[in-house]
>>> print(open('upload.csv').read())   # CSV, C-alpha atoms and all ligand atoms
chain,number,residue,atom,x,y,z
R,1,MET,CA,36.7,116.7,117.4
R,2,THR,CA,40.1,115.2,118.1
R,3,ASP,CA,41.7,115.6,114.8
R,4,ASN,CA,45.4,114.9,114.6
R,5,GLN,CA,47.3,115.6,111.5
R,6,PRO,CA,49.2,112.6,110.2
R,7,GLY,CA,52.8,112.8,109.1
R,8,PRO,CA,56.0,114.4,110.5
R,9,SER,CA,56.1,118.1,110.3
R,10,THR,CA,59.1,118.3,108.0
R,11,GLU,CA,57.5,116.4,105.2
R,12,PRO,CA,55.1,117.9,102.7
R,13,VAL,CA,51.5,116.8,103.3
R,14,LYS,CA,50.3,114.7,100.4
R,15,PRO,CA,46.7,115.2,99.1
R,16,ALA,CA,45.7,111.7,100.1
R,17,ASP,CA,47.0,112.2,103.7
R,18,ASP,CA,44.5,114.9,104.3
R,19,PRO,CA,41.8,114.8,101.6
R,20,ASP,CA,39.3,117.3,103.0
R,21,ALA,CA,42.1,119.8,103.6
R,22,PHE,CA,43.3,119.2,100.0
R,23,ILE,CA,39.8,119.7,98.5
R,24,LEU,CA,39.1,122.8,100.6
R,25,ARG,CA,42.5,124.3,99.7
R,26,GLN,CA,41.8,123.9,96.0
R,27,LEU,CA,38.4,125.6,96.5
R,28,ILE,CA,39.6,128.5,98.6
R,29,ALA,CA,42.4,129.1,96.1
R,30,SER,CA,39.9,129.8,93.4
R,31,PRO,CA,37.4,132.2,95.0
R,32,GLY,CA,34.4,132.6,92.8
R,33,GLY,CA,35.9,130.0,90.4
R,34,PHE,CA,35.3,126.3,89.9
R,35,VAL,CA,37.5,123.3,90.5
R,36,SER,CA,37.0,120.3,88.4
R,37,GLY,CA,35.7,117.2,90.2
R,38,ASN,CA,37.9,115.1,87.8
R,39,ASP,CA,41.0,117.0,88.9
R,40,LEU,CA,40.2,116.6,92.5
R,41,ALA,CA,39.5,112.9,92.1
R,42,GLY,CA,42.7,112.4,90.1
R,43,ALA,CA,44.9,114.1,92.7
R,44,LEU,CA,43.3,112.2,95.5
R,45,GLY,CA,43.3,108.8,93.7
R,46,ILE,CA,39.6,108.4,94.3
R,47,THR,CA,36.5,108.4,92.1
R,48,ARG,CA,34.4,111.4,91.3
R,49,VAL,CA,31.6,109.8,93.3
R,50,GLY,CA,34.1,109.7,96.2
R,51,VAL,CA,34.7,113.4,95.8
R,52,TRP,CA,31.0,114.0,95.8
R,53,ALA,CA,30.6,112.0,99.0
R,54,ARG,CA,33.3,114.0,100.7
R,55,LEU,CA,31.6,117.3,99.7
R,56,ASP,CA,28.3,116.0,101.0
R,57,LYS,CA,29.9,115.4,104.4
R,58,LEU,CA,31.3,118.9,104.3
R,59,ARG,CA,27.9,120.2,103.5
R,60,ALA,CA,26.5,118.6,106.6
R,61,ALA,CA,29.2,120.4,108.6
R,62,GLY,CA,28.2,123.8,107.3
R,63,PHE,CA,29.9,124.3,103.9
R,64,ALA,CA,27.9,125.2,100.8
R,65,PHE,CA,29.0,124.3,97.3
R,66,THR,CA,27.6,124.9,93.8
R,67,ALA,CA,28.1,122.0,91.5
R,68,ILE,CA,27.8,122.6,87.8
R,69,ARG,CA,28.3,119.9,85.1
R,70,HIS,CA,31.5,120.1,83.2
R,71,ARG,CA,32.7,123.0,85.4
R,72,GLY,CA,33.0,121.3,88.8
R,73,TYR,CA,32.5,122.7,92.3
R,74,ARG,CA,32.6,126.2,93.8
R,75,LEU,CA,32.8,127.0,97.5
R,76,ASP,CA,30.0,129.4,98.4
R,77,ALA,CA,30.1,129.3,102.2
R,78,GLN,CA,32.2,128.0,105.0
R,79,PRO,CA,31.4,127.5,108.7
R,80,ASN,CA,32.6,130.3,110.9
R,81,ARG,CA,34.0,128.2,113.7
R,82,ILE,CA,37.2,126.2,114.0
R,83,PHE,CA,37.0,123.5,111.4
R,84,PRO,CA,40.3,121.5,111.4
R,85,ALA,CA,40.5,120.6,107.7
R,86,LEU,CA,39.7,124.2,106.7
R,87,LEU,CA,42.3,125.7,109.1
R,88,ARG,CA,44.9,123.2,107.8
R,89,ALA,CA,44.0,124.2,104.2
R,90,TYR,CA,44.6,127.8,105.0
R,91,LEU,CA,47.7,126.9,106.9
R,92,GLN,CA,49.2,124.8,104.1
R,93,ASP,CA,48.7,127.8,101.8
R,94,SER,CA,50.3,130.2,104.2
R,95,VAL,CA,53.3,128.0,105.2
R,96,GLU,CA,54.0,127.3,101.5
R,97,GLU,CA,54.0,131.0,100.7
R,98,ARG,CA,56.7,131.4,103.3
R,99,SER,CA,58.5,128.2,102.3
R,100,ALA,CA,58.1,126.9,105.9
R,101,PRO,CA,57.4,123.4,107.0
R,102,MET,CA,53.8,122.5,107.9
R,103,PRO,CA,53.5,122.2,111.7
R,104,GLU,CA,51.7,119.4,113.5
R,105,THR,CA,48.2,120.3,114.6
R,106,SER,CA,45.8,118.8,117.1
R,107,PHE,CA,42.2,120.0,117.5
R,108,PHE,CA,39.8,119.4,120.4
R,109,LYS,CA,36.1,120.2,120.8
R,110,THR,CA,36.6,120.4,124.5
R,111,ILE,CA,39.7,120.2,126.6
R,112,ASP,CA,40.8,121.2,130.1
R,113,SER,CA,43.4,123.7,128.8
R,114,THR,CA,45.4,123.7,125.5
R,115,ASN,CA,48.5,124.7,127.5
R,116,SER,CA,48.0,121.7,129.8
R,117,GLU,CA,47.6,119.4,126.8
R,118,ALA,CA,50.7,120.8,125.1
R,119,GLU,CA,52.6,120.2,128.3
R,120,ARG,CA,51.4,116.6,128.5
R,121,GLN,CA,52.3,116.0,124.8
R,122,LEU,CA,55.7,117.6,125.2
R,123,ALA,CA,56.4,115.3,128.1
R,124,GLN,CA,55.5,112.4,125.9
R,125,GLY,CA,58.0,113.6,123.3
R,126,CYS,CA,55.6,115.0,120.6
R,127,PRO,CA,57.4,116.6,117.6
R,128,THR,CA,57.5,120.4,117.5
R,129,PRO,CA,56.4,122.9,116.6
R,130,HIS,CA,53.0,121.5,117.5
R,131,ILE,CA,49.8,123.5,117.6
R,132,PHE,CA,46.9,122.6,120.0
R,133,ILE,CA,43.6,124.3,119.4
R,134,ALA,CA,40.2,123.9,121.2
R,135,ASP,CA,36.7,125.2,120.6
R,136,LYS,CA,36.2,125.3,124.4
R,137,GLN,CA,38.3,124.9,127.5
R,138,GLU,CA,37.0,123.7,130.8
R,139,LYS,CA,40.0,124.8,132.8
R,140,GLY,CA,41.4,127.6,130.7
R,141,ARG,CA,44.3,129.2,132.6
R,142,GLY,CA,45.4,132.9,132.6
R,143,ARG,CA,48.5,134.5,134.1
R,144,LEU,CA,49.1,134.6,137.8
R,145,GLY,CA,46.9,131.6,138.5
R,146,ARG,CA,43.8,133.2,137.1
R,147,THR,CA,41.0,131.4,135.2
R,148,TRP,CA,40.6,132.1,131.5
R,149,HIS,CA,36.9,132.1,130.6
R,150,SER,CA,36.8,129.9,127.6
R,151,PRO,CA,33.3,129.1,126.3
R,152,GLN,CA,32.4,127.8,122.9
R,153,GLU,CA,31.6,131.2,121.3
R,154,GLY,CA,33.9,131.4,118.3
R,155,ASN,CA,37.0,132.5,120.1
R,156,LEU,CA,40.5,131.2,119.7
R,157,TYR,CA,42.1,129.1,122.4
R,158,MET,CA,45.5,127.9,121.1
R,159,SER,CA,48.9,126.7,122.4
R,160,LEU,CA,52.1,126.4,120.4
R,161,ALA,CA,54.6,124.0,121.7
R,162,PHE,CA,58.3,124.4,120.9
R,163,ARG,CA,61.7,123.1,121.9
R,164,PRO,CA,63.9,126.1,121.3
R,165,ARG,CA,67.6,126.3,122.0
R,166,LEU,CA,67.4,129.3,124.2
R,167,THR,CA,68.8,130.2,127.6
R,168,PRO,CA,66.1,131.0,130.2
R,169,ARG,CA,67.3,134.6,130.3
R,170,LEU,CA,66.0,135.1,126.8
R,171,LEU,CA,62.5,133.9,127.7
R,172,GLN,CA,61.1,137.2,129.1
R,173,LYS,CA,61.8,139.0,125.9
R,174,LEU,CA,60.3,136.1,123.9
R,175,THR,CA,56.9,136.9,125.4
R,176,LEU,CA,57.2,140.5,124.3
R,177,TRP,CA,58.5,139.5,120.9
R,178,THR,CA,55.6,137.1,120.4
R,179,GLY,CA,53.1,139.8,121.6
R,180,LEU,CA,54.5,142.2,119.0
R,181,ALA,CA,54.1,139.5,116.3
R,182,ILE,CA,50.5,138.9,117.4
R,183,CYS,CA,49.8,142.6,117.3
R,184,ASP,CA,51.2,142.9,113.7
R,185,ALA,CA,49.2,139.9,112.6
R,186,ILE,CA,45.9,141.2,114.1
R,187,ASP,CA,46.4,144.7,112.8
R,188,ALA,CA,47.1,143.4,109.3
R,189,PHE,CA,44.2,141.0,109.3
R,190,CYS,CA,41.6,143.3,110.8
R,191,LYS,CA,42.9,146.8,110.0
R,192,VAL,CA,42.9,147.8,113.7
R,193,LYS,CA,45.6,149.1,116.1
R,194,LEU,CA,46.4,146.8,118.9
R,195,GLN,CA,48.5,147.7,122.0
R,196,LEU,CA,50.3,145.6,124.6
R,197,LYS,CA,49.8,146.1,128.3
R,198,TRP,CA,53.1,144.8,129.7
R,199,PRO,CA,54.0,142.1,129.5
R,200,ASN,CA,51.4,140.4,127.4
R,201,ASP,CA,47.8,141.6,127.5
R,202,LEU,CA,46.4,142.4,124.1
R,203,ILE,CA,44.5,145.7,124.2
R,204,LEU,CA,42.2,147.1,121.6
R,205,ASN,CA,40.4,150.4,122.1
R,206,GLY,CA,41.4,150.3,125.8
R,207,ARG,CA,39.8,146.9,126.4
R,208,LYS,CA,41.2,143.4,126.6
R,209,LEU,CA,41.1,141.5,123.4
R,210,GLY,CA,43.2,138.6,124.6
R,211,GLY,CA,46.2,137.4,126.5
R,212,ILE,CA,49.3,135.3,126.2
R,213,LEU,CA,50.4,132.7,128.8
R,214,MET,CA,54.0,131.5,128.2
R,215,GLU,CA,55.1,128.5,130.3
R,216,ALA,CA,58.5,126.9,130.0
R,217,ARG,CA,60.3,123.9,131.5
R,218,ILE,CA,64.0,124.6,132.2
R,219,ASP,CA,66.8,122.1,132.6
R,220,ALA,CA,69.9,123.5,134.5
R,221,ASP,CA,70.6,126.6,132.4
R,222,MET,CA,68.8,125.5,129.2
R,223,THR,CA,65.2,125.7,128.1
R,224,ARG,CA,63.7,122.3,127.6
R,225,ASP,CA,60.4,123.4,126.1
R,226,VAL,CA,58.1,126.3,125.8
R,227,VAL,CA,54.3,126.5,125.5
R,228,LEU,CA,52.9,129.7,124.2
R,229,GLY,CA,49.2,129.9,125.0
R,230,ILE,CA,47.0,132.5,123.3
R,231,GLY,CA,43.4,133.3,124.1
R,232,LEU,CA,41.7,135.7,121.8
R,233,ASN,CA,38.1,137.0,121.7
R,234,VAL,CA,37.5,136.6,118.0
R,235,ASN,CA,33.8,136.3,117.2
R,236,SER,CA,32.2,136.2,120.6
R,237,GLU,CA,29.3,138.6,121.2
R,238,PRO,CA,29.4,140.8,124.4
R,239,GLU,CA,25.8,139.7,125.3
R,240,ALA,CA,27.3,136.2,126.0
R,241,TRP,CA,29.9,137.6,128.4
R,242,THR,CA,29.7,137.7,132.2
R,243,ASP,CA,28.8,141.0,133.8
R,244,ASP,CA,32.4,141.6,135.0
R,245,LEU,CA,33.8,141.1,131.5
R,246,LYS,CA,31.4,143.3,129.6
R,247,PRO,CA,33.0,146.7,130.5
R,248,VAL,CA,36.6,145.6,130.1
R,249,ALA,CA,36.6,143.0,127.2
R,250,ILE,CA,36.3,143.4,123.4
R,251,SER,CA,36.2,141.0,120.5
R,252,MET,CA,37.6,141.3,117.0
R,253,ARG,CA,34.1,141.0,115.6
R,254,GLN,CA,32.8,143.8,117.9
R,255,ALA,CA,35.7,146.1,117.0
R,256,THR,CA,35.5,145.5,113.2
R,257,GLY,CA,31.7,145.3,113.0
R,258,SER,CA,31.8,142.0,111.1
R,259,PRO,CA,32.5,138.3,111.8
R,260,VAL,CA,36.1,137.3,111.3
R,261,ASN,CA,37.0,134.2,109.2
R,262,ILE,CA,38.4,132.3,112.2
R,263,ASN,CA,40.1,129.5,110.2
R,264,GLN,CA,41.8,131.9,107.8
R,265,PHE,CA,42.8,134.2,110.7
R,266,GLY,CA,44.0,131.3,112.8
R,267,ALA,CA,46.2,130.0,110.0
R,268,PHE,CA,47.6,133.5,109.4
R,269,LEU,CA,48.3,134.0,113.1
R,270,ILE,CA,50.0,130.6,113.5
R,271,THR,CA,52.3,131.3,110.5
R,272,SER,CA,53.1,134.8,111.9
R,273,ILE,CA,54.0,133.4,115.3
R,274,LEU,CA,56.1,130.5,113.8
R,275,SER,CA,58.1,132.9,111.7
R,276,ALA,CA,58.6,135.3,114.7
R,277,PHE,CA,59.7,132.4,116.8
R,278,GLU,CA,62.1,131.1,114.2
R,279,ARG,CA,63.7,134.5,113.9
R,280,TYR,CA,64.0,134.8,117.6
R,281,SER,CA,65.8,131.5,117.8
R,282,ARG,CA,68.2,132.6,115.0
R,283,GLU,CA,69.2,136.2,115.8
R,284,ASP,CA,69.3,138.9,118.5
R,285,VAL,CA,66.1,140.9,118.1
R,286,SER,CA,66.7,143.3,121.0
R,287,ASP,CA,67.0,146.3,118.7
R,288,SER,CA,63.8,145.4,116.9
R,289,ILE,CA,61.9,145.0,120.2
R,290,ARG,CA,63.2,148.3,121.5
R,291,ASP,CA,62.2,150.1,118.3
R,292,ARG,CA,58.7,148.5,118.0
R,293,TRP,CA,57.7,148.5,121.7
R,294,PRO,CA,56.9,152.3,122.1
R,295,ARG,CA,54.2,152.2,119.3
R,296,ARG,CA,52.4,149.3,121.1
R,297,ASP,CA,53.0,150.3,124.7
R,298,TYR,CA,49.6,150.8,126.3
R,299,LEU,CA,51.1,151.7,129.7
R,300,ALA,CA,53.6,154.4,128.6
R,301,GLY,CA,53.2,157.6,130.6
R,302,LYS,CA,50.3,156.2,132.7
R,303,GLU,CA,50.2,155.9,136.4
R,304,VAL,CA,50.7,152.2,137.3
R,305,SER,CA,51.0,150.1,140.3
R,306,ALA,CA,53.0,146.9,140.2
R,307,THR,CA,53.3,144.1,142.8
R,308,PRO,CA,56.5,142.1,142.2
R,309,GLY,CA,56.8,139.6,145.0
R,310,ASN,CA,55.2,141.2,148.1
R,311,ARG,CA,56.2,144.8,147.3
R,312,GLU,CA,54.0,147.5,145.8
R,313,ILE,CA,55.6,150.0,143.4
R,314,THR,CA,53.6,152.9,142.2
R,315,GLY,CA,54.7,155.4,139.6
R,316,ILE,CA,54.7,156.3,135.9
R,317,ALA,CA,55.4,153.6,133.3
R,318,LYS,CA,58.4,154.5,131.2
R,319,GLY,CA,58.7,151.6,128.7
R,320,ILE,CA,60.9,148.6,128.9
R,321,ASP,CA,64.6,148.1,129.6
R,322,THR,CA,67.1,145.9,127.6
R,323,ASP,CA,65.9,142.7,129.3
R,324,GLY,CA,62.3,143.5,128.6
R,325,ALA,CA,61.5,144.5,132.2
R,326,LEU,CA,58.9,147.3,132.8
R,327,ILE,CA,60.4,150.6,133.9
R,328,ILE,CA,58.5,152.5,136.5
R,329,GLU,CA,59.5,156.0,137.6
R,330,THR,CA,58.6,156.4,141.2
R,331,ALA,CA,58.3,159.6,143.3
R,332,GLY,CA,61.5,161.6,143.3
R,333,GLY,CA,62.4,160.5,139.7
R,334,ARG,CA,63.9,157.2,140.7
R,335,THR,CA,63.3,154.3,138.3
R,336,THR,CA,62.7,150.6,139.1
R,337,ALA,CA,62.6,147.7,136.7
R,338,VAL,CA,59.8,145.2,137.3
R,339,ASN,CA,60.4,141.7,135.9
R,340,ALA,CA,57.2,139.9,137.0
R,341,GLY,CA,53.9,140.1,138.7
R,342,GLU,CA,50.7,142.1,138.4
R,343,VAL,CA,50.7,145.6,136.9
R,344,SER,CA,47.5,147.7,137.2
R,345,LEU,CA,46.5,151.1,136.0
R,346,GLY,CA,46.5,153.8,138.7
R,347,THR,CA,46.4,152.5,142.2
R,348,ALA,CA,43.3,150.4,141.8
R,349,ARG,CA,43.5,146.9,140.1
R,350,MET,CA,42.2,146.8,136.6
R,351,LEU,CA,40.0,143.8,136.0
R,352,ALA,CA,41.1,143.4,132.4
R,353,GLY,CA,44.6,142.9,133.3
Q,401,LIG,C1,46.3,136.1,130.4
Q,401,LIG,O1,46.1,135.9,131.6
Q,401,LIG,O2,46.0,137.2,129.9
Q,401,LIG,C2,46.7,135.0,129.5
Q,401,LIG,C3,45.6,134.1,129.0
Q,401,LIG,C4,46.0,133.0,128.1
Q,401,LIG,C5,44.8,132.1,127.8
Q,401,LIG,C6,45.2,131.0,126.8
Q,401,LIG,S1,43.8,130.2,126.1
Q,401,LIG,C7,44.8,129.0,125.3
Q,401,LIG,C8,45.8,128.7,126.4
Q,401,LIG,N1,45.3,127.6,127.2
Q,401,LIG,C9,45.2,128.1,128.5
Q,401,LIG,O3,44.7,127.4,129.4
Q,401,LIG,N2,45.6,129.4,128.6
Q,401,LIG,C10,46.0,129.9,127.3
>>> encode(input="upload.csv", output="structure tokens")
Amino acid sequence: MTDNQPGPSTEPVKPADDPDAFILRQLIASPGGFVSGNDLAGALGITRVGVWARLDKLRAAGFAFTAIRHRGYRLDAQPNRIFPALLRAYLQDSVEERSAPMPETSFFKTIDSTNSEAERQLAQGCPTPHIFIADKQEKGRGRLGRTWHSPQEGNLYMSLAFRPRLTPRLLQKLTLWTGLAICDAIDAFCKVKLQLKWPNDLILNGRKLGGILMEARIDADMTRDVVLGIGLNVNSEPEAWTDDLKPVAISMRQATGSPVNINQFGAFLITSILSAFERYSREDVSDSIRDRWPRRDYLAGKEVSATPGNREITGIAKGIDTDGALIIETAGGRTTAVNAGEVSLGTARMLAG
């Protein structure tokens, strides 16, 4: 699947530009109800047979519909894997609710890394915001040069590309701000309580649910572009994980006990991040970060060991400072602010982070 959405991001998407997304959107907007084939055909400027043919194709892709004469169609089941037109249908719904423009989206069955693709497309001048999503990554990248295990197992591998007008100094806190927005979105969608292991590991029940990899290109003292990569264990089953991941990872499905509607969740998450990003570009959110961080802070009060540069700092984590750096209280009550590098629990490295 390489499925690029047509049209610039600032213009509303017309039904005929994206017929499958339009049909699916009408159907998901009337859960349990019926949508008239005549109405769909009229809005799309095609015949009723044309609508039928489209639904037949969707059936082959895992959707189920009931068709009743004089009533129309009802959506009974949808595939629980990333399906571009369905994700766009949910996305159109959720951006309209917030009166926001529809972002550009690109989907891939397999790609090296959505962050790498976003960087390539930014270099070519793609419009922003632009969302890149893949079912599977062959060279998924994590923080600090690590590999991000990215099999095709119903997880979310996604990168959001922006060209924000931000000074590089503001980028560290942008990661934290985005992490907070992601926590809020997952909590609201799944009724769980996520935590953040500084700077951007997403932790649920003490295990790693996902991570954020923010990469930026900087010109002189201005940010040229930013790629925000997010990897989330959504519907993957622990049996499919490697032995080293099993004791430290968790998926949303495992935590909630039921499969997550990945297209609806993906759309909700994208809109949440876009509006968080928009707010960050518009106003100073330092107070909001300071107020919200303690509730999410997984490391607070724990013994940690950090390795900024070649040094090793061990002590008790004490939250973040005004720049978003991690504060560590070392022996003798002195505090040090850590801006980058690996942070592990205790003195031994934690595999999940
Ligand atoms: C971490 O080390 O915790 C960050 C992991 C980020 C992984 C995501 S998956 C989508 C995007 N593409 C990548 O290659 N990496 C990020």
>>> closest_residue(input="upload.csv", among="R:Ala60, R:Ala240, R:Leu213, R:Ala85", to="ligand LIG 401 (chain Q)", atoms="only C-alpha atoms and all ligand atoms")
R:Leu213
>>> closest_atom_pairs(input="upload.csv", of="chain R", to="ligand LIG 401 (chain Q)", cutoff="10 Å", atoms="all atoms listed in the file", output="tab-separated table")
residue	atom	partner	partner_atom	distance
R:Ile111	CA	Q:LIG401	O3	9.2
R:Asp112	CA	Q:LIG401	O3	7.4
R:Ser113	CA	Q:LIG401	O3	4.0
R:Thr114	CA	Q:LIG401	N1	4.3
R:Asn115	CA	Q:LIG401	N1	4.3
R:Ser116	CA	Q:LIG401	O3	6.6
R:Glu117	CA	Q:LIG401	N1	8.5
R:Ala118	CA	Q:LIG401	N1	8.9
R:Phe132	CA	Q:LIG401	C7	8.6
R:Ile133	CA	Q:LIG401	C7	7.6
R:Ala134	CA	Q:LIG401	C7	8.0
R:Lys136	CA	Q:LIG401	S1	9.2
R:Gln137	CA	Q:LIG401	O3	7.1
R:Glu138	CA	Q:LIG401	O3	8.7
R:Lys139	CA	Q:LIG401	O3	6.4
R:Gly140	CA	Q:LIG401	O3	3.6
R:Arg141	CA	Q:LIG401	O3	3.7
R:Gly142	CA	Q:LIG401	O1	3.2
R:Arg143	CA	Q:LIG401	O1	3.7
R:Leu144	CA	Q:LIG401	O1	7.0
R:Gly145	CA	Q:LIG401	O1	8.2
R:Arg146	CA	Q:LIG401	O1	6.5
R:Thr147	CA	Q:LIG401	O1	7.7
R:Trp148	CA	Q:LIG401	C5	5.6
R:His149	CA	Q:LIG401	C5	8.4
R:Ser150	CA	Q:LIG401	S1	7.2
R:Asn155	CA	Q:LIG401	S1	9.4
R:Leu156	CA	Q:LIG401	S1	7.3
R:Tyr157	CA	Q:LIG401	C7	4.0
R:Met158	CA	Q:LIG401	C7	4.4
R:Ser159	CA	Q:LIG401	C8	5.4
R:Leu160	CA	Q:LIG401	C8	9.0
R:Lys197	CA	Q:LIG401	O2	9.8
R:Pro199	CA	Q:LIG401	O2	9.4
R:Asn200	CA	Q:LIG401	O2	6.8
R:Asp201	CA	Q:LIG401	O2	5.3
R:Leu202	CA	Q:LIG401	O2	7.8
R:Lys208	CA	Q:LIG401	O2	8.5
R:Leu209	CA	Q:LIG401	O2	9.2
R:Gly210	CA	Q:LIG401	O2	6.2
R:Gly211	CA	Q:LIG401	O2	3.4
R:Ile212	CA	Q:LIG401	C2	4.2
R:Leu213	CA	Q:LIG401	C2	4.4
R:Met214	CA	Q:LIG401	C4	8.1
R:Glu215	CA	Q:LIG401	C10	9.7
R:Val227	CA	Q:LIG401	C8	8.8
R:Leu228	CA	Q:LIG401	C8	7.5
R:Gly229	CA	Q:LIG401	C8	3.9
R:Ile230	CA	Q:LIG401	C6	4.2
R:Gly231	CA	Q:LIG401	S1	3.7
R:Leu232	CA	Q:LIG401	S1	7.3
R:Asn233	CA	Q:LIG401	S1	9.9
R:Ala352	CA	Q:LIG401	O2	8.3
R:Gly353	CA	Q:LIG401	O2	6.8
>>> atom_distance(input="upload.csv", atom1="atom CA of Cys183 of chain R", atom2="atom CA of Pro129 of chain R")
20.8 Å
>>> residues_near_point(input="upload.csv", point="(62.1, 142.8, 130.7)", cutoff="9 Å", atoms="all atoms listed in the file", output="MDAnalysis selection string")
chainID R and resid 172:173 176 199 320:327 337:340
>>> write_last_selection(input="upload.csv", atoms="C-alpha atoms", output="mmCIF file, keeping the file's coordinate frame")
data_model
loop_
_atom_site.group_PDB
_atom_site.id
_atom_site.type_symbol
_atom_site.label_atom_id
_atom_site.label_comp_id
_atom_site.auth_asym_id
_atom_site.auth_seq_id
_atom_site.Cartn_x
_atom_site.Cartn_y
_atom_site.Cartn_z
ATOM 1 C CA GLN R 172 61.100 137.200 129.100
ATOM 2 C CA LYS R 173 61.800 139.000 125.900
ATOM 3 C CA LEU R 176 57.200 140.500 124.300
ATOM 4 C CA PRO R 199 54.000 142.100 129.500
ATOM 5 C CA ILE R 320 60.900 148.600 128.900
ATOM 6 C CA ASP R 321 64.600 148.100 129.600
ATOM 7 C CA THR R 322 67.100 145.900 127.600
ATOM 8 C CA ASP R 323 65.900 142.700 129.300
ATOM 9 C CA GLY R 324 62.300 143.500 128.600
ATOM 10 C CA ALA R 325 61.500 144.500 132.200
ATOM 11 C CA LEU R 326 58.900 147.300 132.800
ATOM 12 C CA ILE R 327 60.400 150.600 133.900
ATOM 13 C CA ALA R 337 62.600 147.700 136.700
ATOM 14 C CA VAL R 338 59.800 145.200 137.300
ATOM 15 C CA ASN R 339 60.400 141.700 135.900
ATOM 16 C CA ALA R 340 57.200 139.900 137.000
#
>>> residues_near_point(input="upload.csv", point="(50.5, 133.1, 105.1)", cutoff="8 Å", atoms="only C-alpha atoms", output="VMD selection string")
chain R and resid 90 to 91 93 to 98 267 to 268 271 to 272
>>> atom_distance(input="upload.csv", atom1="atom CA of Phe189 of chain R", atom2="atom CA of Gln78 of chain R")
18.2 Å
>>> atom_distance(input="upload.csv", atom1="atom CA of Thr242 of chain R", atom2="atom CA of Phe83 of chain R")
26.2 Å
>>> residues_around(input="upload.csv", residues="Ala16 of chain R", least_positions_apart="5", cutoff="9 Å", atoms="only C-alpha atoms", output="PyMOL selection string")
chain R and resi 22+43-45
>>> residues_around(input="upload.csv", residues="Leu269 of chain R", least_positions_apart="3", cutoff="10 Å", atoms="all atoms listed in the file", output="ChimeraX atom specification")
/R:91,94,181-186,189,263-266,272-275
>>> build_atoms(input="upload.csv", residues="segment 211-215 of chain R", atoms="all heavy atoms", output="mmCIF file, keeping the file's coordinate frame")
data_model
loop_
_atom_site.group_PDB
_atom_site.id
_atom_site.type_symbol
_atom_site.label_atom_id
_atom_site.label_comp_id
_atom_site.auth_asym_id
_atom_site.auth_seq_id
_atom_site.Cartn_x
_atom_site.Cartn_y
_atom_site.Cartn_z
ATOM 1 N N GLY R 211 45.035 137.482 125.642
ATOM 2 C CA GLY R 211 46.200 137.400 126.500
ATOM 3 C C GLY R 211 47.119 136.255 126.081
ATOM 4 O O GLY R 211 46.699 135.352 125.340
ATOM 5 N N ILE R 212 48.340 136.321 126.556
ATOM 6 C CA ILE R 212 49.300 135.300 126.200
ATOM 7 C C ILE R 212 49.818 134.685 127.559
ATOM 8 O O ILE R 212 50.116 135.420 128.502
ATOM 9 C CB ILE R 212 50.549 135.912 125.514
ATOM 10 C CG1 ILE R 212 50.089 136.692 124.274
ATOM 11 C CG2 ILE R 212 51.574 134.849 125.125
ATOM 12 C CD1 ILE R 212 51.187 137.574 123.683
ATOM 13 N N LEU R 213 49.875 133.378 127.592
ATOM 14 C CA LEU R 213 50.400 132.700 128.800
ATOM 15 C C LEU R 213 51.577 131.829 128.322
ATOM 16 O O LEU R 213 51.371 130.796 127.682
ATOM 17 C CB LEU R 213 49.334 131.827 129.427
ATOM 18 C CG LEU R 213 49.776 130.969 130.604
ATOM 19 C CD1 LEU R 213 50.183 131.846 131.787
ATOM 20 C CD2 LEU R 213 48.660 130.018 131.038
ATOM 21 N N MET R 214 52.793 132.291 128.627
ATOM 22 C CA MET R 214 54.000 131.500 128.200
ATOM 23 C C MET R 214 54.452 130.684 129.404
ATOM 24 O O MET R 214 54.674 131.224 130.482
ATOM 25 C CB MET R 214 55.066 132.426 127.725
ATOM 26 C CG MET R 214 56.094 131.656 126.931
ATOM 27 S SD MET R 214 57.448 132.678 126.404
ATOM 28 C CE MET R 214 58.441 132.607 127.854
ATOM 29 N N GLU R 215 54.604 129.390 129.189
ATOM 30 C CA GLU R 215 55.100 128.500 130.300
ATOM 31 C C GLU R 215 56.271 127.713 129.706
ATOM 32 O O GLU R 215 56.228 127.243 128.566
ATOM 33 C CB GLU R 215 53.973 127.577 130.710
ATOM 34 C CG GLU R 215 52.824 128.366 131.352
ATOM 35 C CD GLU R 215 51.657 127.497 131.777
ATOM 36 O OE1 GLU R 215 51.137 126.748 130.942
ATOM 37 O OE2 GLU R 215 51.262 127.574 132.940
#
